[in-house]
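Q: Before anything else, here's the structure in question.
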Protein chains: 2
Amino acid sequence: MSNYTPPTTDMGFLLHEVLRAENADIPGYEELTPDFTSAVLEEAGKLAREVLAPLNIVGDREGCVLENGVVRTPTGFKDAFDQMRAGGWTGLDCDPEYGGQGIPYLLGTAVGEMWVSSNMAFNMYQGLTHAAYSAIHTHGSEVQKATFLERMVSCEWTGTMNLTEPHCGTDLGLMRTKAEPTGDGTYKITGTKIFISAGDHDLSENVIHLVLAKIPGGPEGIKGVSLFIVPKYEVEDNGTLGGANNVSVGALEEKMGIHGNSTCVMNFDGAVGTLLGEEHKGLRAMFTMMNEARIGVGLQGYSQAESAYQASLTYARERLQGRAVTGVENPDGPADPLIVHPDIRRNLMDQKSFVEGARALTYWGAHMIDRDHRTSDDDAHGLITLLTPVIKGFLSDKGFEMAVQAQQVFGGHGYIEEHGMSQFVRDARITMIYEGANGVQALDLVGRKLAARGGKPLMAFFDMVKGFNKENSDNEDLQDGFLEPLKSASKDLQTAAMFFMENGMKNPNAALAGSYDFMHLFGHVALGYMWARMGLAASEALKAGNGDATFYKTKLATGRYYMARALPATKMHLARIQSGADPVMSLKPEEF
Amino acid sequence: MSNYTPPTTDMGFLLHEVLRAENADIPGYEELTPDFTSAVLEEAGKLAREVLAPLNIVGDREGCVLENGVVRTPTGFKDAFDQMRAGGWTGLDCDPEYGGQGIPYLLGTAVGEMWVSSNMAFNMYQGLTHAAYSAIHTHGSEVQKATFLERMVSCEWTGTMNLTEPHCGTDLGLMRTKAEPTGDGTYKITGTKIFISAGDHDLSENVIHLVLAKIPGGPEGIKGVSLFIVPKYEVEDNGTLGGANNVSVGALEEKMGIHGNSTCVMNFDGAVGTLLGEEHKGLRAMFTMMNEARIGVGLQGYSQAESAYQASLTYARERLQGRAVTGVENPDGPADPLIVHPDIRRNLMDQKSFVEGARALTYWGAHMIDRDHRTSDDDAHGLITLLTPVIKGFLSDKGFEMAVQAQQVFGGHGYIEEHGMSQFVRDARITMIYEGANGVQALDLVGRKLAARGGKPLMAFFDMVKGFNKENSDNEDLQDGFLEPLKSASKDLQTAAMFFMENGMKNPNAALAGSYDFMHLFGHVALGYMWARMGLAASEALKAGNGDATFYKTKLATGRYYMARALPATKMHLARIQSGADPVMSLKPEEF
């Protein structure tokens, strides 16, 4: 089934009425006029709907195949990839110096959402390339940039990120892959990497692997890790492809989902590589692109929920089953549609209010990244750094949960593969795991980000929410169901942060035992804040008599649902946090 | 991976120290001595661990195959099935008159848990047979009982339940399958049924289909549905197998999980059947076994969580990653095991406290079913009828959620199929859907069960919790973290029930919009109550100096975790319920 409809109206609402992009005073944003963004979104939406979405279930069914050491992608992927390249979509927000279009990350994010909603596994091929491009763009030498970037912007060559090894994922200090200097400025890379997305395939001429490895004799643990560029085919000085490097695919992983993406075990047997950035500073190079990559995973989470939501809404409108308890609504049919039933409605509203709130938070995050990168705004940098684990962890957890709810609307028909609902769930599941499992996001948030810069970004967030509530205390639309719940939820978040401050110094476990709940508590407040901002924009449009009143009223009603039905979770998370470390840590490992 | 360890110690604790089975004054319970139950549990556990568990992943990988109209089960299933039959396990709690062992349902439930934990898809073949056996046992004529029961008790013949059709699942009134009287007392059944678990396979000589169908000229809708026995091979008067009936497998469904079970599209083309029970009373016949079937699905939910928990606990103890924030705990290793990290511990405690609470609730439910069936205790009947949708809906939702958490402990290794964690998640997912999707359970609970018998069973539940708190108010172990949280959670449940009473009459949607939350609220209180009872048993054992003190202290600590970390959800559910119908119903279907 591919009935994906790009939510371009919602996107336009966020870009222009909530974030007011064209007035944001960020270089490059002046071109983000409604005419321009809608042209881009419509064009991208067409490709997503017509080309990528129909291939989603094909990718799931066929998967990738390893034959004679070469990976073959599912039917249609190569053609679709060529269309993406031909349209210039792969370099949308890349540096024009290397053939990119230089469009703000904000608009790139909206376009990316459509690629991911329509076909997440497919989009990873260019997504990984973009990540590798960013690393080389930021840390590469002029020669490296000249050699690789233009071809990666066009996806003539694609990229990968090689971090994980069989015995180490989160704890990269345990890494065993070695990089031995050859004396001519290159290194021989030897080791095995696992879970390498887009590790090999038939979509591009070359695959540019970024590989973390240790140079013998360097510092122990995480401080001795360096990053290397290791192409599948070596690249001659004149830029043409040389012979095959000593890189091979050991196996394709059999996974729960994202079957359309080739997840490889990669073997490096003395493969030739060049150092990217400085010796032993590989992790730092890797982490410069982590904010973007993690926000991208949060986007994947809610984008799967968006597609699943669309499908479940269609099904709820069409499937006839039972009668409305308040009286027959479809007298000419043998039964009423599912959507008349309050519990189905509850399910759909959960989904809708989450997805739209998540989209707003993600775009706001992308907006901050633009402000950080394009104006070197330190406050924006601090705030997006703080929010990144929330966006990654909360949106992927909830995105999965909502995909499960969407599947539930289908009853037994959701469990069979035919309708594609199982695929949304299976694909969404990975977003809670990769780019740092969500427990690690929570640890990052509570262990590092909260106290970063003396807690200034956290205070800035609270001030922002407080300021919003104060400035809009007279708005009657917001008085009705927005301001009080947001205030109360934000207070719960402050109380939780205070609890960590008071108890975490004495006993770090008191903070860490509540880290996961804190991430979710923060996520609820952040989405609540975004809903308040969307509510304000809708209220103002209604007052001004602009546009489609039903659209804005629907926004207000959906926001009120989120406030009434989602925000009560903050008190639960707070209570769990305040119970501290004792309940969590009371059993010894051997007593479980 | 099959490292399933039957939790026989926990089972014994529930049977003898919490439920005190042998003193329960129920016919047949006098034989449930610790010696007897432990012998049964050990023997069954051995089969589960050694025979069924290793086949779990085999079933998932191979699935069932339809060849020339015949379904072939995965490698090893037939041998294992024969071992189950040879051991007399298939008739454990069946009527001795037909070759069963007549053991109380309570002990049968504990044994069943091990079958399900070790291999849920496999166990469904005998589970469906048991359901069909129960229906024939209760509603069959003497001839039908003599013809079918003995062979179904031994699983020489297996059974199925044919309800769903392509266009109707929950709303069976829309059914199209026809049963035309032939004049000789039999009927010709014609129609297509879908999602038929164990619909066809190579494990038994015959498959006895119970089929819902409409006799032409009968009442419209649900009131015109009758139940029929339709064997795959007709049965001669002397009990031997005759020719093939006009029953065929249209297709095998491709599903998200339970691949080892054959889920069939069944075509009946004028197949010969006999009426089971009365004309047009088919649904009533079907529903007599619904309590048991639904409790069985709740059991499936937590049993998958149990297996997933065991695997994640082993992994958390063995996988070395990072260092404890409070100081190195494994100085001789390159890193500490995952289990030192507070967020991993939080994850494991969530799982452990849920599974043990869920097991207690399920066994208590089975105990009530025995009391109902063996002593015709009306109060037990009322209470288990009330609790059935809670057991089915809450335990399957949470069982799935906990399987997802267990998978999360494995990081990327949980997403690949190799470790079997994906399978637990995919298999558990169906429990939220079949035997009435969980939204239907919530509707049943709030729409029917709450007000049943003038609300007497609900009041009895509240009185039970209140009585427990009062009787044990002096117990210091329970004062520490049990009594207050239980009291508060129970009060939330009462407030929610009161809200429905006050608002539901005026506007049924005000109750139904909160039905799902009510089911979860009730589930939390029920598990809290079970934890309090387990806490009491542990406290008494500790005071008496009986047995292994560490076991009982662990019970108390795990119970305190549930109280501190799970019960705060009741306030969230209450707040959602109290927000009423407006947020849920404010959008028109076309405004979504």
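Simple scheme: letters A, B, ... for chains in structure tokens order, numbers from 1 for residues in each chain, numbers from 1 for ligands in the order shown.
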May I have the residues of chain A within 6 Å of chain B, counting only C-alpha atoms, written as a PDB file with all heavy atoms, in the first residue's frame?
A:
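Here's the written file result_6.pdb:
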ATOM      1  N   ASP A 171      30.539   1.902  23.842  1.00  0.00           N
ATOM      2  CA  ASP A 171      31.848   2.131  24.461  1.00  0.00           C
ATOM      3  C   ASP A 171      32.944   1.958  23.419  1.00  0.00           C
ATOM      4  O   ASP A 171      33.582   0.917  23.322  1.00  0.00           O
ATOM      5  CB  ASP A 171      32.029   1.130  25.606  1.00  0.00           C
ATOM      6  CG  ASP A 171      33.265   1.430  26.431  1.00  0.00           C
ATOM      7  OD1 ASP A 171      34.055   2.309  26.029  1.00  0.00           O
ATOM      8  OD2 ASP A 171      33.448   0.776  27.478  1.00  0.00           O
ATOM      9  N   GLU A 254      20.700  -9.863   8.957  1.00  0.00           N
ATOM     10  CA  GLU A 254      19.264 -10.115   8.831  1.00  0.00           C
ATOM     11  C   GLU A 254      18.574  -9.340   9.953  1.00  0.00           C
ATOM     12  O   GLU A 254      18.803  -9.603  11.122  1.00  0.00           O
ATOM     13  CB  GLU A 254      19.010 -11.611   8.987  1.00  0.00           C
ATOM     14  CG  GLU A 254      17.782 -12.097   8.283  1.00  0.00           C
ATOM     15  CD  GLU A 254      17.596 -13.584   8.518  1.00  0.00           C
ATOM     16  OE1 GLU A 254      18.567 -14.353   8.330  1.00  0.00           O
ATOM     17  OE2 GLU A 254      16.489 -13.961   8.907  1.00  0.00           O
ATOM     18  N   LYS A 255      17.756  -8.382   9.570  1.00  0.00           N
ATOM     19  CA  LYS A 255      17.239  -7.446  10.559  1.00  0.00           C
ATOM     20  C   LYS A 255      15.711  -7.520  10.697  1.00  0.00           C
ATOM     21  O   LYS A 255      15.007  -8.041   9.847  1.00  0.00           O
ATOM     22  CB  LYS A 255      17.602  -6.008  10.156  1.00  0.00           C
ATOM     23  CG  LYS A 255      19.056  -5.784   9.801  1.00  0.00           C
ATOM     24  CD  LYS A 255      19.338  -4.343   9.439  1.00  0.00           C
ATOM     25  CE  LYS A 255      18.600  -3.832   8.216  1.00  0.00           C
ATOM     26  NZ  LYS A 255      19.070  -4.358   6.929  1.00  0.00           N
ATOM     27  N   MET A 256      15.235  -6.895  11.763  1.00  0.00           N
ATOM     28  CA  MET A 256      13.797  -6.798  12.001  1.00  0.00           C
ATOM     29  C   MET A 256      13.122  -5.927  10.936  1.00  0.00           C
ATOM     30  O   MET A 256      11.973  -6.179  10.560  1.00  0.00           O
ATOM     31  CB  MET A 256      13.593  -6.171  13.385  1.00  0.00           C
ATOM     32  CG  MET A 256      12.166  -6.099  13.857  1.00  0.00           C
ATOM     33  SD  MET A 256      12.145  -5.425  15.558  1.00  0.00           S
ATOM     34  CE  MET A 256      10.382  -5.519  15.911  1.00  0.00           C
ATOM     35  N   GLN A 321     -17.433  -1.262  10.821  1.00  0.00           N
ATOM     36  CA  GLN A 321     -17.435  -2.242  11.904  1.00  0.00           C
ATOM     37  C   GLN A 321     -18.166  -1.645  13.113  1.00  0.00           C
ATOM     38  O   GLN A 321     -17.761  -0.630  13.664  1.00  0.00           O
ATOM     39  CB  GLN A 321     -15.977  -2.586  12.289  1.00  0.00           C
ATOM     40  CG  GLN A 321     -15.779  -3.953  12.861  1.00  0.00           C
ATOM     41  CD  GLN A 321     -15.706  -5.053  11.778  1.00  0.00           C
ATOM     42  OE1 GLN A 321     -15.488  -6.184  12.105  1.00  0.00           O
ATOM     43  NE2 GLN A 321     -15.891  -4.737  10.519  1.00  0.00           N
ATOM     44  N   GLY A 322     -19.273  -2.241  13.479  1.00  0.00           N
ATOM     45  CA  GLY A 322     -20.025  -1.765  14.643  1.00  0.00           C
ATOM     46  C   GLY A 322     -20.793  -0.478  14.368  1.00  0.00           C
ATOM     47  O   GLY A 322     -20.764   0.058  13.256  1.00  0.00           O
ATOM     48  N   PRO A 342     -15.166   6.123  19.947  1.00  0.00           N
ATOM     49  CA  PRO A 342     -14.311   7.014  20.733  1.00  0.00           C
ATOM     50  C   PRO A 342     -12.897   6.485  20.956  1.00  0.00           C
ATOM     51  O   PRO A 342     -11.942   7.263  20.943  1.00  0.00           O
ATOM     52  CB  PRO A 342     -15.056   7.151  22.072  1.00  0.00           C
ATOM     53  CG  PRO A 342     -16.476   6.879  21.739  1.00  0.00           C
ATOM     54  CD  PRO A 342     -16.457   5.882  20.623  1.00  0.00           C
ATOM     55  N   ASP A 343     -12.745   5.181  21.136  1.00  0.00           N
ATOM     56  CA  ASP A 343     -11.395   4.700  21.402  1.00  0.00           C
ATOM     57  C   ASP A 343     -10.525   4.728  20.146  1.00  0.00           C
ATOM     58  O   ASP A 343      -9.300   4.903  20.235  1.00  0.00           O
ATOM     59  CB  ASP A 343     -11.409   3.288  22.004  1.00  0.00           C
ATOM     60  CG  ASP A 343     -10.017   2.895  22.427  1.00  0.00           C
ATOM     61  OD1 ASP A 343      -9.447   3.596  23.284  1.00  0.00           O
ATOM     62  OD2 ASP A 343      -9.470   1.916  21.880  1.00  0.00           O
ATOM     63  N   ARG A 346      -9.554   8.323  19.972  1.00  0.00           N
ATOM     64  CA  ARG A 346      -8.478   8.562  20.942  1.00  0.00           C
ATOM     65  C   ARG A 346      -7.131   8.128  20.348  1.00  0.00           C
ATOM     66  O   ARG A 346      -6.139   8.862  20.399  1.00  0.00           O
ATOM     67  CB  ARG A 346      -8.796   7.743  22.203  1.00  0.00           C
ATOM     68  CG  ARG A 346      -7.889   7.883  23.387  1.00  0.00           C
ATOM     69  CD  ARG A 346      -6.870   6.789  23.605  1.00  0.00           C
ATOM     70  NE  ARG A 346      -7.186   5.455  23.194  1.00  0.00           N
ATOM     71  CZ  ARG A 346      -6.265   4.562  22.846  1.00  0.00           C
ATOM     72  NH1 ARG A 346      -4.979   4.861  22.843  1.00  0.00           N
ATOM     73  NH2 ARG A 346      -6.614   3.345  22.474  1.00  0.00           N
ATOM     74  N   GLY A 411      -6.475  -3.861  13.420  1.00  0.00           N
ATOM     75  CA  GLY A 411      -6.776  -5.178  13.987  1.00  0.00           C
ATOM     76  C   GLY A 411      -5.879  -6.237  13.354  1.00  0.00           C
ATOM     77  O   GLY A 411      -4.703  -5.984  13.090  1.00  0.00           O
ATOM     78  N   TYR A 415      -1.513  -7.007  11.447  1.00  0.00           N
ATOM     79  CA  TYR A 415      -0.470  -7.971  11.800  1.00  0.00           C
ATOM     80  C   TYR A 415       0.065  -8.702  10.576  1.00  0.00           C
ATOM     81  O   TYR A 415       1.186  -9.197  10.580  1.00  0.00           O
ATOM     82  CB  TYR A 415      -1.008  -8.962  12.828  1.00  0.00           C
ATOM     83  CG  TYR A 415       0.080  -9.747  13.531  1.00  0.00           C
ATOM     84  CD1 TYR A 415       0.980  -9.116  14.383  1.00  0.00           C
ATOM     85  CD2 TYR A 415       0.211 -11.119  13.351  1.00  0.00           C
ATOM     86  CE1 TYR A 415       1.976  -9.826  15.034  1.00  0.00           C
ATOM     87  CE2 TYR A 415       1.204 -11.847  14.005  1.00  0.00           C
ATOM     88  CZ  TYR A 415       2.085 -11.187  14.847  1.00  0.00           C
ATOM     89  OH  TYR A 415       3.079 -11.891  15.485  1.00  0.00           O
ATOM     90  N   ILE A 416      -0.752  -8.825   9.552  1.00  0.00           N
ATOM     91  CA  ILE A 416      -0.232  -9.450   8.331  1.00  0.00           C
ATOM     92  C   ILE A 416       0.523  -8.385   7.531  1.00  0.00           C
ATOM     93  O   ILE A 416       0.282  -7.188   7.663  1.00  0.00           O
ATOM     94  CB  ILE A 416      -1.346 -10.106   7.488  1.00  0.00           C
ATOM     95  CG1 ILE A 416      -2.417  -9.100   7.104  1.00  0.00           C
ATOM     96  CG2 ILE A 416      -1.971 -11.266   8.268  1.00  0.00           C
ATOM     97  CD1 ILE A 416      -3.462  -9.660   6.156  1.00  0.00           C
ATOM     98  N   GLU A 417       1.459  -8.848   6.729  1.00  0.00           N
ATOM     99  CA  GLU A 417       2.372  -7.914   6.077  1.00  0.00           C
ATOM    100  C   GLU A 417       1.731  -7.155   4.924  1.00  0.00           C
ATOM    101  O   GLU A 417       2.241  -6.121   4.484  1.00  0.00           O
ATOM    102  CB  GLU A 417       3.623  -8.668   5.575  1.00  0.00           C
ATOM    103  CG  GLU A 417       4.474  -9.265   6.695  1.00  0.00           C
ATOM    104  CD  GLU A 417       5.177  -8.199   7.538  1.00  0.00           C
ATOM    105  OE1 GLU A 417       5.170  -7.029   7.142  1.00  0.00           O
ATOM    106  OE2 GLU A 417       5.697  -8.558   8.612  1.00  0.00           O
ATOM    107  N   ILE A 433      17.340   2.772  18.535  1.00  0.00           N
ATOM    108  CA  ILE A 433      18.594   2.074  18.820  1.00  0.00           C
ATOM    109  C   ILE A 433      19.808   2.790  18.223  1.00  0.00           C
ATOM    110  O   ILE A 433      20.785   3.051  18.914  1.00  0.00           O
ATOM    111  CB  ILE A 433      18.517   0.616  18.299  1.00  0.00           C
ATOM    112  CG1 ILE A 433      17.426  -0.144  19.044  1.00  0.00           C
ATOM    113  CG2 ILE A 433      19.864  -0.074  18.440  1.00  0.00           C
ATOM    114  CD1 ILE A 433      17.123  -1.530  18.497  1.00  0.00           C
ATOM    115  N   LEU A 512      20.889   9.387  37.463  1.00  0.00           N
ATOM    116  CA  LEU A 512      20.886   8.500  36.300  1.00  0.00           C
ATOM    117  C   LEU A 512      19.712   7.517  36.321  1.00  0.00           C
ATOM    118  O   LEU A 512      19.214   7.124  35.270  1.00  0.00           O
ATOM    119  CB  LEU A 512      22.216   7.753  36.205  1.00  0.00           C
ATOM    120  CG  LEU A 512      23.413   8.699  35.990  1.00  0.00           C
ATOM    121  CD1 LEU A 512      24.700   7.922  35.853  1.00  0.00           C
ATOM    122  CD2 LEU A 512      23.202   9.605  34.777  1.00  0.00           C
ATOM    123  N   ALA A 513      19.254   7.157  37.511  1.00  0.00           N
ATOM    124  CA  ALA A 513      18.096   6.259  37.601  1.00  0.00           C
ATOM    125  C   ALA A 513      16.842   6.938  37.058  1.00  0.00           C
ATOM    126  O   ALA A 513      15.878   6.274  36.669  1.00  0.00           O
ATOM    127  CB  ALA A 513      17.870   5.821  39.042  1.00  0.00           C
ATOM    128  N   TYR A 561      -5.933  18.738  22.630  1.00  0.00           N
ATOM    129  CA  TYR A 561      -5.854  17.303  22.920  1.00  0.00           C
ATOM    130  C   TYR A 561      -4.491  16.955  23.529  1.00  0.00           C
ATOM    131  O   TYR A 561      -4.403  16.257  24.528  1.00  0.00           O
ATOM    132  CB  TYR A 561      -6.082  16.465  21.659  1.00  0.00           C
ATOM    133  CG  TYR A 561      -6.050  14.980  21.952  1.00  0.00           C
ATOM    134  CD1 TYR A 561      -7.211  14.297  22.288  1.00  0.00           C
ATOM    135  CD2 TYR A 561      -4.852  14.267  21.946  1.00  0.00           C
ATOM    136  CE1 TYR A 561      -7.190  12.947  22.597  1.00  0.00           C
ATOM    137  CE2 TYR A 561      -4.819  12.921  22.259  1.00  0.00           C
ATOM    138  CZ  TYR A 561      -5.984  12.256  22.581  1.00  0.00           C
ATOM    139  OH  TYR A 561      -5.957  10.927  22.903  1.00  0.00           O
ATOM    140  N   ARG A 565      -4.328  15.367  27.113  1.00  0.00           N
ATOM    141  CA  ARG A 565      -4.160  13.918  27.117  1.00  0.00           C
ATOM    142  C   ARG A 565      -2.706  13.455  27.145  1.00  0.00           C
ATOM    143  O   ARG A 565      -2.437  12.317  27.514  1.00  0.00           O
ATOM    144  CB  ARG A 565      -4.848  13.333  25.877  1.00  0.00           C
ATOM    145  CG  ARG A 565      -6.371  13.439  25.947  1.00  0.00           C
ATOM    146  CD  ARG A 565      -6.957  12.136  26.420  1.00  0.00           C
ATOM    147  NE  ARG A 565      -8.385  12.230  26.683  1.00  0.00           N
ATOM    148  CZ  ARG A 565      -9.160  11.184  26.942  1.00  0.00           C
ATOM    149  NH1 ARG A 565      -8.641   9.968  26.940  1.00  0.00           N
ATOM    150  NH2 ARG A 565     -10.432  11.328  27.202  1.00  0.00           N
ATOM    151  N   PRO A 568      -0.413  15.104  30.966  1.00  0.00           N
ATOM    152  CA  PRO A 568      -0.486  14.467  32.294  1.00  0.00           C
ATOM    153  C   PRO A 568       0.647  13.465  32.552  1.00  0.00           C
ATOM    154  O   PRO A 568       0.877  13.079  33.697  1.00  0.00           O
ATOM    155  CB  PRO A 568      -1.849  13.764  32.281  1.00  0.00           C
ATOM    156  CG  PRO A 568      -2.685  14.605  31.388  1.00  0.00           C
ATOM    157  CD  PRO A 568      -1.733  15.054  30.291  1.00  0.00           C
ATOM    158  N   ALA A 569       1.357  13.062  31.510  1.00  0.00           N
ATOM    159  CA  ALA A 569       2.488  12.144  31.716  1.00  0.00           C
ATOM    160  C   ALA A 569       3.604  12.790  32.521  1.00  0.00           C
ATOM    161  O   ALA A 569       4.415  12.085  33.137  1.00  0.00           O
ATOM    162  CB  ALA A 569       3.029  11.658  30.371  1.00  0.00           C
ATOM    163  N   MET A 572       3.700  11.755  36.147  1.00  0.00           N
ATOM    164  CA  MET A 572       4.139  10.379  36.322  1.00  0.00           C
ATOM    165  C   MET A 572       5.670  10.300  36.248  1.00  0.00           C
ATOM    166  O   MET A 572       6.316   9.682  37.100  1.00  0.00           O
ATOM    167  CB  MET A 572       3.526   9.483  35.244  1.00  0.00           C
ATOM    168  CG  MET A 572       4.071   8.063  35.266  1.00  0.00           C
ATOM    169  SD  MET A 572       3.435   7.051  33.905  1.00  0.00           S
ATOM    170  CE  MET A 572       4.363   7.717  32.517  1.00  0.00           C
ATOM    171  N   ARG A 576       8.319   9.202  39.262  1.00  0.00           N
ATOM    172  CA  ARG A 576       9.318   8.144  39.081  1.00  0.00           C
ATOM    173  C   ARG A 576      10.725   8.688  39.372  1.00  0.00           C
ATOM    174  O   ARG A 576      11.534   8.034  40.036  1.00  0.00           O
ATOM    175  CB  ARG A 576       9.248   7.579  37.660  1.00  0.00           C
ATOM    176  CG  ARG A 576       8.020   6.691  37.412  1.00  0.00           C
ATOM    177  CD  ARG A 576       7.819   6.356  35.933  1.00  0.00           C
ATOM    178  NE  ARG A 576       8.981   5.718  35.331  1.00  0.00           N
ATOM    179  CZ  ARG A 576       9.104   4.408  35.083  1.00  0.00           C
ATOM    180  NH1 ARG A 576       8.106   3.604  35.355  1.00  0.00           N
ATOM    181  NH2 ARG A 576      10.194   3.916  34.555  1.00  0.00           N
ATOM    182  N   PRO A 583      14.877   2.361  44.648  1.00  0.00           N
ATOM    183  CA  PRO A 583      14.092   1.260  44.065  1.00  0.00           C
ATOM    184  C   PRO A 583      14.813   0.608  42.884  1.00  0.00           C
ATOM    185  O   PRO A 583      14.706  -0.594  42.672  1.00  0.00           O
ATOM    186  CB  PRO A 583      12.802   1.941  43.596  1.00  0.00           C
ATOM    187  CG  PRO A 583      12.737   3.234  44.334  1.00  0.00           C
ATOM    188  CD  PRO A 583      14.147   3.638  44.603  1.00  0.00           C
ATOM    189  N   VAL A 584      15.538   1.427  42.147  1.00  0.00           N
ATOM    190  CA  VAL A 584      16.192   0.945  40.924  1.00  0.00           C
ATOM    191  C   VAL A 584      17.415   0.084  41.237  1.00  0.00           C
ATOM    192  O   VAL A 584      17.665  -0.926  40.585  1.00  0.00           O
ATOM    193  CB  VAL A 584      16.608   2.148  40.045  1.00  0.00           C
ATOM    194  CG1 VAL A 584      17.404   1.700  38.832  1.00  0.00           C
ATOM    195  CG2 VAL A 584      15.375   2.942  39.626  1.00  0.00           C
TER     196      VAL A 584
END
Q: What's around A:Asp200 at 7 Å? Count only C-alpha atoms, leave out sequence neighbours fewer than 6 positions away in its own chain, and write the answer as a PyMOL selection string.
A: chain A and resi 71+207+262
Q: Would you mind reading off the distance between atom CA of A:Ser303 and atom CA of A:Ser117, one decimal, in Å?
A: 4.7 Å
Q: Could you state the separation of atom CA of A:Gly217 and atom CA of A:Ile136 in Å, given to one decimal place?
A: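 Straight-line distance from atom CA of A:Gly217 to atom CA of A:Ile136 works out to 25.2 Å.
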Q: Do you know which residues are at most 10 Å from A:Glu484 counting only C-alpha atoms, after dropping those on the same chain fewer than 4 positions away, and could you put them as a list in words?
A: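 Within the cut-off, the hits are Asn469, Ser473, Leu478, Gln479, Asp480, Ser488, Ala489, Ser490 and Met563 of chain A.
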Q: Take the residues from that selection and write them out as a CSV table (one decimal), in the first residue's frame, keeping N, CA and C atoms.
A:
chain,number,residue,atom,x,y,z
A,469,ASN,N,4.3,32.2,28.1
A,469,ASN,CA,3.1,32.2,28.9
A,469,ASN,C,2.7,33.6,29.3
A,473,SER,N,-0.7,35.7,28.0
A,473,SER,CA,-1.7,35.4,29.0
A,473,SER,C,-3.0,36.0,28.7
A,478,LEU,N,-5.6,30.6,23.8
A,478,LEU,CA,-4.6,29.9,24.6
A,478,LEU,C,-5.0,29.7,26.1
A,479,GLN,N,-5.8,30.6,26.5
A,479,GLN,CA,-6.3,30.5,27.9
A,479,GLN,C,-7.1,29.2,28.0
A,480,ASP,N,-7.8,28.9,26.9
A,480,ASP,CA,-8.6,27.7,26.8
A,480,ASP,C,-7.8,26.4,26.5
A,488,SER,N,2.2,24.1,34.1
A,488,SER,CA,2.3,23.0,35.1
A,488,SER,C,3.3,22.0,34.7
A,489,ALA,N,3.3,21.6,33.4
A,489,ALA,CA,4.3,20.6,32.9
A,489,ALA,C,5.7,21.1,33.0
A,490,SER,N,5.8,22.4,32.7
A,490,SER,CA,7.2,23.0,32.7
A,490,SER,C,7.7,23.1,34.2
A,563,MET,N,-2.4,18.8,25.1
A,563,MET,CA,-2.3,19.4,26.5
A,563,MET,C,-3.1,18.5,27.5
Q: Excluding same-chain residues fewer than 6 positions from A:Asp202, what lies within 8 Å of it counting only C-alpha atoms, as a list of chain:residue names?
A: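 Result of the neighbour search: A:Val70, A:Val71, A:Arg72, A:Thr73, A:Lys78.
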Q: Would you compute the distance between atom CA of A:Lys193 and atom CA of A:Gly298? Give it in Å to one decimal.
A: 24.4 Å
Q: Please provide as a PyMOL selection string all residues within 7 Å of stretch 107-114 of chain A, with the sequence filter that same-chain residues fewer than 3 positions apart are discarded (counting only C-alpha atoms).
A: chain A and resi 6+11+41+44-45+48+92-93+103-104+117-118+299+303+363+366
Q: Write out as a ChimeraX atom specification the residues lying within 7 Å of stretch 525-530 of chain A, counting only C-alpha atoms and excluding same-chain residues fewer than 4 positions away.
A: /A:357-358,360-361,465,486,489-490,521,534,563
Q: If you run DSSP on the backbone, which residues of stretch 252-426 of chain A are strand (DSSP E or B), as a ChimeraX atom specification?
A: /A:252,255,263-276,320,337,416
Q: Rank nothing, just name the residue among A:Thr431, A:Ser154, A:Thr240, A:Asn261 nearest to A:Gln101, using only C-alpha atoms.
A: A:Ser154
Q: Residues near B:Asp95, anyone? I mean within 12 Å using only C-alpha atoms, not counting same-chain ones fewer than 5 positions away, as a PyMOL selection string.
A: chain B and resi 90+100-105+130+133-134+136-138+145+149-150+152-154
